[in-house]
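The next block is final_35.cif, given as mmCIF, C-alpha atoms.
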data_upload
#
loop_
_atom_site.group_PDB
_atom_site.id
_atom_site.type_symbol
_atom_site.label_atom_id
_atom_site.label_comp_id
_atom_site.auth_asym_id
_atom_site.auth_seq_id
_atom_site.Cartn_x
_atom_site.Cartn_y
_atom_site.Cartn_z
ATOM 1 C CA PHE S 1 -4.951 16.938 0.954
ATOM 2 C CA PRO S 2 -5.027 14.658 -2.150
ATOM 3 C CA ILE S 3 -8.728 15.494 -2.504
ATOM 4 C CA HIS S 4 -7.875 19.174 -2.891
ATOM 5 C CA ASP S 5 -5.075 18.304 -5.324
ATOM 6 C CA ASN S 6 -7.517 16.269 -7.417
ATOM 7 C CA MET S 7 -9.968 19.166 -7.498
ATOM 8 C CA ALA S 8 -7.148 21.471 -8.592
ATOM 9 C CA LEU S 9 -6.074 19.021 -11.301
ATOM 10 C CA ASP S 10 -9.617 18.787 -12.645
ATOM 11 C CA PHE S 11 -9.849 22.585 -12.680
ATOM 12 C CA ILE S 12 -6.583 22.903 -14.619
ATOM 13 C CA TYR S 13 -7.545 20.204 -17.102
ATOM 14 C CA SER S 14 -10.968 21.774 -17.694
ATOM 15 C CA LYS S 15 -9.277 25.038 -18.666
ATOM 16 C CA ILE S 16 -6.700 23.553 -21.044
ATOM 17 C CA GLN S 17 -8.601 20.625 -22.531
ATOM 18 C CA LYS S 18 -9.303 22.437 -25.809
ATOM 19 C CA ASN S 19 -5.580 22.876 -26.432
ATOM 20 C CA GLU S 20 -4.591 19.311 -27.233
ATOM 21 C CA GLU S 21 -0.816 19.715 -26.932
ATOM 22 C CA VAL S 22 -0.969 21.593 -23.612
ATOM 23 C CA PHE S 23 -3.532 19.127 -22.248
ATOM 24 C CA LYS S 24 -1.338 16.199 -23.321
ATOM 25 C CA TYR S 25 1.762 17.739 -21.719
ATOM 26 C CA PHE S 26 0.146 18.361 -18.338
ATOM 27 C CA LEU S 27 -1.710 15.045 -18.246
ATOM 28 C CA ILE S 28 1.563 13.163 -18.794
ATOM 29 C CA HIS S 29 3.471 15.489 -16.459
ATOM 30 C CA PHE S 30 1.176 15.092 -13.464
ATOM 31 C CA LEU S 31 0.664 11.348 -13.945
ATOM 32 C CA ASN S 32 4.443 10.833 -13.839
ATOM 33 C CA LEU S 33 4.855 13.305 -10.974
ATOM 34 C CA TYR S 34 2.429 11.464 -8.711
ATOM 35 C CA ALA S 35 3.600 8.028 -9.844
ATOM 36 C CA LYS S 36 7.090 8.857 -8.538
ATOM 37 C CA SER S 37 6.041 10.842 -5.468
ATOM 38 C CA ASN S 38 7.464 9.785 -2.099
ATOM 39 C CA ILE S 39 4.830 11.779 -0.229
ATOM 40 C CA VAL S 40 2.275 9.617 1.565
ATOM 41 C CA GLY S 41 -1.194 10.020 0.070
ATOM 42 C CA PHE S 42 -0.238 11.306 -3.360
ATOM 43 C CA ASP S 43 -0.890 7.875 -4.856
ATOM 44 C CA ALA S 44 -4.535 8.983 -4.698
ATOM 45 C CA CYS S 45 -3.740 11.667 -7.270
ATOM 46 C CA TYR S 46 -2.178 9.074 -9.566
ATOM 47 C CA VAL S 47 -5.303 6.917 -9.260
ATOM 48 C CA HIS S 48 -7.544 9.936 -9.921
ATOM 49 C CA ILE S 49 -5.716 10.921 -13.117
ATOM 50 C CA ALA S 50 -5.586 7.339 -14.340
ATOM 51 C CA LYS S 51 -9.250 6.538 -13.736
ATOM 52 C CA ASN S 52 -10.721 9.868 -14.825
ATOM 53 C CA TYR S 53 -8.562 10.529 -17.870
ATOM 54 C CA TYR S 54 -6.451 7.611 -19.127
ATOM 55 C CA CYS S 55 -8.944 4.818 -18.477
ATOM 56 C CA VAL S 56 -11.853 6.634 -20.126
ATOM 57 C CA GLY S 57 -10.206 7.378 -23.454
ATOM 58 C CA MET S 58 -8.916 10.900 -22.838
ATOM 59 C CA ALA S 59 -5.287 10.036 -23.632
ATOM 60 C CA PRO S 60 -5.568 8.814 -27.253
ATOM 61 C CA TRP S 61 -1.841 9.369 -27.870
ATOM 62 C CA SER S 62 -0.929 6.587 -25.427
ATOM 63 C CA LYS S 63 -0.336 3.026 -26.586
ATOM 64 C CA LYS S 64 -3.007 0.509 -25.640
ATOM 65 C CA GLU S 65 -0.574 -1.554 -23.559
ATOM 66 C CA ASP S 66 0.582 1.558 -21.674
ATOM 67 C CA ILE S 67 -2.997 2.518 -20.824
ATOM 68 C CA GLU S 68 -3.726 -1.029 -19.675
ATOM 69 C CA LYS S 69 -0.699 -0.910 -17.379
ATOM 70 C CA ILE S 70 -1.687 2.494 -15.961
ATOM 71 C CA CYS S 71 -5.260 1.370 -15.336
ATOM 72 C CA ASP S 72 -4.101 -1.900 -13.789
ATOM 73 C CA ASN S 73 -1.841 0.014 -11.386
ATOM 74 C CA ALA S 74 -4.700 2.357 -10.494
ATOM 75 C CA ASN S 75 -7.057 -0.553 -9.832
ATOM 76 C CA ARG S 76 -4.450 -2.187 -7.575
ATOM 77 C CA LEU S 77 -3.912 0.996 -5.578
ATOM 78 C CA ASP S 78 -7.503 2.201 -5.318
ATOM 79 C CA PRO S 79 -8.672 -0.173 -2.508
ATOM 80 C CA ILE S 80 -5.689 0.679 -0.276
ATOM 81 C CA LEU S 81 -5.669 4.466 -0.478
ATOM 82 C CA ILE S 82 -5.777 6.588 2.674
ATOM 83 C CA GLY S 83 -9.340 6.735 3.964
ATOM 84 C CA LYS S 84 -10.381 3.382 2.514
ATOM 85 C CA THR S 85 -11.314 0.449 4.757
ATOM 86 C CA ALA S 86 -8.402 -1.978 4.791
ATOM 87 C CA PRO S 87 -9.241 -5.408 3.339
ATOM 88 C CA ASN S 88 -9.444 -8.046 6.041
ATOM 89 C CA ILE S 89 -7.041 -10.976 5.903
ATOM 90 C CA VAL S 90 -7.079 -14.259 7.783
ATOM 91 C CA VAL S 91 -3.546 -15.618 8.014
ATOM 92 C CA LYS S 92 -1.836 -18.170 10.290
ATOM 93 C CA ASP S 93 0.246 -18.100 13.439
ATOM 94 C CA ARG S 94 3.276 -20.242 14.185
ATOM 95 C CA ASN S 95 1.088 -23.220 15.079
ATOM 96 C CA GLY S 96 -0.959 -22.972 11.896
ATOM 97 C CA SER S 97 -4.018 -21.552 13.663
ATOM 98 C CA PRO S 98 -6.011 -18.859 11.815
ATOM 99 C CA VAL S 99 -5.490 -15.221 12.829
ATOM 100 C CA ASN S 100 -8.114 -12.690 11.752
ATOM 101 C CA MET S 101 -6.653 -9.207 11.349
ATOM 102 C CA TYR S 102 -10.019 -7.562 12.069
ATOM 103 C CA GLN S 103 -10.068 -9.230 15.485
ATOM 104 C CA THR S 104 -6.956 -7.353 16.619
ATOM 105 C CA ASP S 105 -8.040 -5.460 19.743
ATOM 106 C CA ALA S 106 -6.254 -2.140 19.324
ATOM 107 C CA ASP S 107 -7.042 1.511 18.751
ATOM 108 C CA TYR S 108 -4.393 1.469 16.048
ATOM 109 C CA THR S 109 -3.052 -1.486 14.096
ATOM 110 C CA VAL S 110 0.241 -1.199 12.274
ATOM 111 C CA LEU S 111 0.090 -3.702 9.431
ATOM 112 C CA PHE S 112 3.674 -4.697 8.647
ATOM 113 C CA PHE S 113 4.520 -6.844 5.601
ATOM 114 C CA TRP S 114 8.086 -8.139 5.589
ATOM 115 C CA ASP S 115 10.283 -10.813 3.993
ATOM 116 C CA PRO S 116 13.116 -12.788 5.661
ATOM 117 C CA GLU S 117 15.476 -12.166 2.729
ATOM 118 C CA CYS S 118 14.667 -8.459 2.313
ATOM 119 C CA SER S 119 17.635 -6.242 3.230
ATOM 120 C CA HIS S 120 15.399 -3.247 3.949
ATOM 121 C CA CYS S 121 13.272 -5.423 6.250
ATOM 122 C CA LYS S 122 16.393 -6.419 8.179
ATOM 123 C CA LYS S 123 17.283 -2.753 8.631
ATOM 124 C CA SER S 124 13.766 -1.777 9.705
ATOM 125 C CA ALA S 125 13.276 -4.711 12.124
ATOM 126 C CA PRO S 126 14.996 -3.108 15.164
ATOM 127 C CA PHE S 127 12.967 0.080 14.712
ATOM 128 C CA MET S 128 9.724 -1.908 14.461
ATOM 129 C CA VAL S 129 10.546 -3.805 17.662
ATOM 130 C CA GLU S 130 11.425 -0.564 19.454
ATOM 131 C CA PHE S 131 8.207 1.056 18.227
ATOM 132 C CA ALA S 132 6.046 -1.915 19.252
ATOM 133 C CA GLU S 133 7.547 -2.002 22.742
ATOM 134 C CA LYS S 134 7.119 1.743 23.196
ATOM 135 C CA PHE S 135 3.472 1.862 22.157
ATOM 136 C CA LYS S 136 2.095 -1.565 23.140
ATOM 137 C CA ASN S 137 0.469 -0.113 26.284
ATOM 138 C CA ARG S 138 -0.942 2.847 24.392
ATOM 139 C CA GLY S 139 -3.483 1.060 22.214
ATOM 140 C CA VAL S 140 -1.152 0.156 19.347
ATOM 141 C CA SER S 141 -0.531 -3.353 17.980
ATOM 142 C CA VAL S 142 1.827 -4.406 15.204
ATOM 143 C CA PHE S 143 0.307 -7.097 12.991
ATOM 144 C CA ALA S 144 3.278 -8.570 11.126
ATOM 145 C CA VAL S 145 2.810 -10.696 8.020
ATOM 146 C CA CYS S 146 5.817 -12.611 6.723
ATOM 147 C CA THR S 147 5.470 -12.612 2.933
ATOM 148 C CA ALA S 148 7.628 -15.687 2.214
ATOM 149 C CA ILE S 149 5.636 -18.447 0.541
ATOM 150 C CA GLY S 150 6.093 -22.085 -0.449
ATOM 151 C CA GLU S 151 9.341 -23.717 0.618
ATOM 152 C CA LYS S 152 10.764 -20.410 1.863
ATOM 153 C CA ALA S 153 7.873 -19.883 4.300
ATOM 154 C CA GLY S 154 9.757 -21.875 6.929
ATOM 155 C CA ASP S 155 12.308 -19.062 7.103
ATOM 156 C CA CYS S 156 9.637 -16.798 8.609
ATOM 157 C CA TRP S 157 9.822 -18.249 12.099
ATOM 158 C CA LYS S 158 13.609 -18.464 12.148
ATOM 159 C CA SER S 159 13.671 -14.755 11.270
ATOM 160 C CA VAL S 160 10.993 -13.950 13.867
ATOM 161 C CA ASP S 161 13.285 -15.431 16.523
ATOM 162 C CA GLU S 162 16.395 -13.717 15.174
ATOM 163 C CA LYS S 163 14.737 -10.286 14.880
ATOM 164 C CA GLY S 164 13.202 -10.402 18.369
ATOM 165 C CA PHE S 165 9.624 -10.238 17.081
ATOM 166 C CA ASN S 166 8.361 -12.880 19.562
ATOM 167 C CA ASP S 167 5.783 -11.690 22.129
ATOM 168 C CA ILE S 168 6.087 -8.119 20.830
ATOM 169 C CA LEU S 169 4.466 -8.330 17.391
ATOM 170 C CA ILE S 170 1.483 -10.364 16.262
ATOM 171 C CA ASN S 171 3.453 -12.707 13.997
ATOM 172 C CA THR S 172 1.709 -14.395 11.073
ATOM 173 C CA TYR S 173 2.295 -15.876 7.650
ATOM 174 C CA ASP S 174 0.335 -17.341 4.755
ATOM 175 C CA PRO S 175 2.550 -19.867 2.941
ATOM 176 C CA MET S 176 -0.145 -20.813 0.413
ATOM 177 C CA LEU S 177 -1.450 -17.261 -0.167
ATOM 178 C CA ALA S 178 -4.940 -18.341 0.863
ATOM 179 C CA SER S 179 -5.723 -14.842 2.125
ATOM 180 C CA ARG S 180 -4.598 -13.226 -1.162
ATOM 181 C CA PHE S 181 -2.759 -10.587 0.896
ATOM 182 C CA LYS S 182 -0.255 -9.861 -1.885
ATOM 183 C CA THR S 183 -3.067 -8.956 -4.269
ATOM 184 C CA LEU S 184 -5.259 -7.162 -1.726
ATOM 185 C CA TYR S 185 -2.410 -4.952 -0.501
ATOM 186 C CA ASP S 186 -0.439 -4.777 -3.751
ATOM 187 C CA ILE S 187 2.669 -6.236 -2.104
ATOM 188 C CA ARG S 188 5.303 -6.099 -4.832
ATOM 189 C CA THR S 189 8.180 -4.993 -2.595
ATOM 190 C CA THR S 190 8.853 -5.137 1.137
ATOM 191 C CA PRO S 191 8.645 -3.778 3.717
ATOM 192 C CA GLN S 192 5.169 -2.280 3.377
ATOM 193 C CA ILE S 193 3.439 -0.571 6.288
ATOM 194 C CA PHE S 194 -0.190 0.489 6.725
ATOM 195 C CA ILE S 195 -1.585 2.239 9.793
ATOM 196 C CA LEU S 196 -5.225 1.446 10.587
ATOM 197 C CA ASN S 197 -7.610 2.869 13.168
ATOM 198 C CA ARG S 198 -10.077 0.789 15.195
ATOM 199 C CA LYS S 199 -12.568 0.925 12.321
ATOM 200 C CA HIS S 200 -9.821 -0.544 10.077
ATOM 201 C CA GLU S 201 -9.632 2.622 8.016
ATOM 202 C CA ILE S 202 -6.259 3.283 6.426
ATOM 203 C CA LEU S 203 -4.627 6.336 7.946
#

Show the structure stored in the file as structure tokens.
Amino acid sequence: FPIHDNMALDFIYSKIQKNEEVFKYFLIHFLNLYAKSNIVGFDACYVHIAKNYYCVGMAPWSKKEDIEKICDNANRLDPILIGKTAPNIVVKDRNGSPVNMYQTDADYTVLFFWDPECSHCKKSAPFMVEFAEKFKNRGVSVFAVCTAIGEKAGDCWKSVDEKGFNDILINTYDPMLASRFKTLYDIRTTPQIFILNRKHEIL
């Protein structure tokens, strides 16, 4: 549905572009609307407005630093929008052996980024375990990436044991950020969840 929203936005903007004040009002309005939306998929509308209007000089009233921030956000989000192929990551298991996300043999992969100190992650953990157990024999795997790095990375495995993730989730971490997962998936807060099909397309 974001594709249809983007077409509608372009239609509206084409009709009001000659009226600078009206165009300015609706460009700002819809950018902010989609930036704050809690509806899955509407981040694509934010990216569309940013890349097709703000980043190409059609918002001259905006400060340079504001435009740079908007365009940076859009560039971060663009590769992980619904319908895009999820970037592959090679992370490590408990023994330090490499684990390639693309080699997960499942019809659907739930990519779950979490942090041991994240309160929301602690609340979501029981639901993730319940979900993984319920669907593990129905072609669904949960590929969990602990986002703790450096000295705190050791807390990952203690939390895995405490949360009951063992033998239910594919548990991984990347203490040195070698896979660049935080950049590739724009992980600024946790938990973050992506659902992928067998072709690794983001659903």

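Nearest residue to Met128 in chain S, choosing from S:Lys163, S:Arg188, S:Lys152, S:Lys158 and counting all atoms listed in the file: S:Lys163.
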
Where's the centre, and what are the edge lengths in Å to one decimal, of a box along x, y and z enclosing all listed atoms of range 4-17 of chain S padded 4 Å per side, as lines of an AutoDock Vina configuration file?
center_x = -8.0
center_y = 20.7
center_z = -12.7
size_x = 13.9
size_y = 16.8
size_z = 27.6

Selection: 12 Å around His48 in chain S, all atoms listed in the file, excl. self and same-chain fewer than 6 positions, as a VMD selection string: chain S and resid 2 to 10 27 30 to 31 34 to 35 41 to 42 54 to 56 70 to 71 73 to 75 77 to 78 81

Which distance in Å separates CA of Ala86 in chain S and CA of Phe143 in chain S, to one decimal? 13.0 Å

Restricting to all atoms listed in the file, whichever of S:Asp155, S:Asp174, S:Asp167, S:Asp105 is closest to Lys199 in chain S is S:Asp105

Proximity to Ile168 in chain S - best of S:Thr190, S:Asn95, S:Asn38, S:Asn137, all atoms listed in the file: S:Asn137

Taking all atoms listed in the file into account, name the residue in S:Ile67, S:Cys156, S:Ala59, S:Ala50 that is nearest to Phe113 in chain S.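 Result for the nearest residue to Phe113 in chain S: S:Cys156.
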
Would you please work out which residue, of S:Tyr108, S:Phe23, S:Trp114, S:Tyr53, is nearest to Gln192 in chain S when using all atoms listed in the file?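 Using all atoms listed in the file, Gln192 in chain S sits closest to S:Trp114.
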
Between CA of Ile202 in chain S and CA of Thr85 in chain S, what is the spacing in Å?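 That distance, rounded to one decimal, is 6.0 Å.
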
Written as an MDAnalysis selection string, what is the full residue list that the PyMOL selection byres ((chain S and resi 110) around 12) yields on the file shown? chainID S and resid 86 101 104:109 111:113 128:129 131:132 135:136 139:145 169:170 192:198 200:203

Separation of CA of Ile89 in chain S and CA of Met176 in chain S, in Å?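 Spanning CA of Ile89 in chain S to CA of Met176 in chain S is a straight-line distance of 13.2 Å.
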
For a quick check of understanding, using all atoms listed in the file, which of S:Asn19, S:Thr147, S:Ser62, S:Asn52 has the smallest distance to Tyr185 in chain S?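 For Tyr185 in chain S, the nearest of the candidates is S:Thr147.
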
Taking the file as shown, find all residues satisfying the PyMOL selection byres ((chain S and resi 173) around 9) and write them as a VMD selection string. chain S and resid 91 to 94 96 144 to 149 153 156 171 to 172 174 to 175 177

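Here the PyMOL selection byres ((chain S and resi 122) around 12) captures the residues Trp114, Asp115, Pro116, Glu117, Cys118, Ser119, His120, Cys121, Lys123, Ser124, Ala125, Pro126, Phe127, Met128, Val129, Ser159, Val160, Glu162, Lys163, Gly164, Phe165, Thr190 and Pro191 of chain S.
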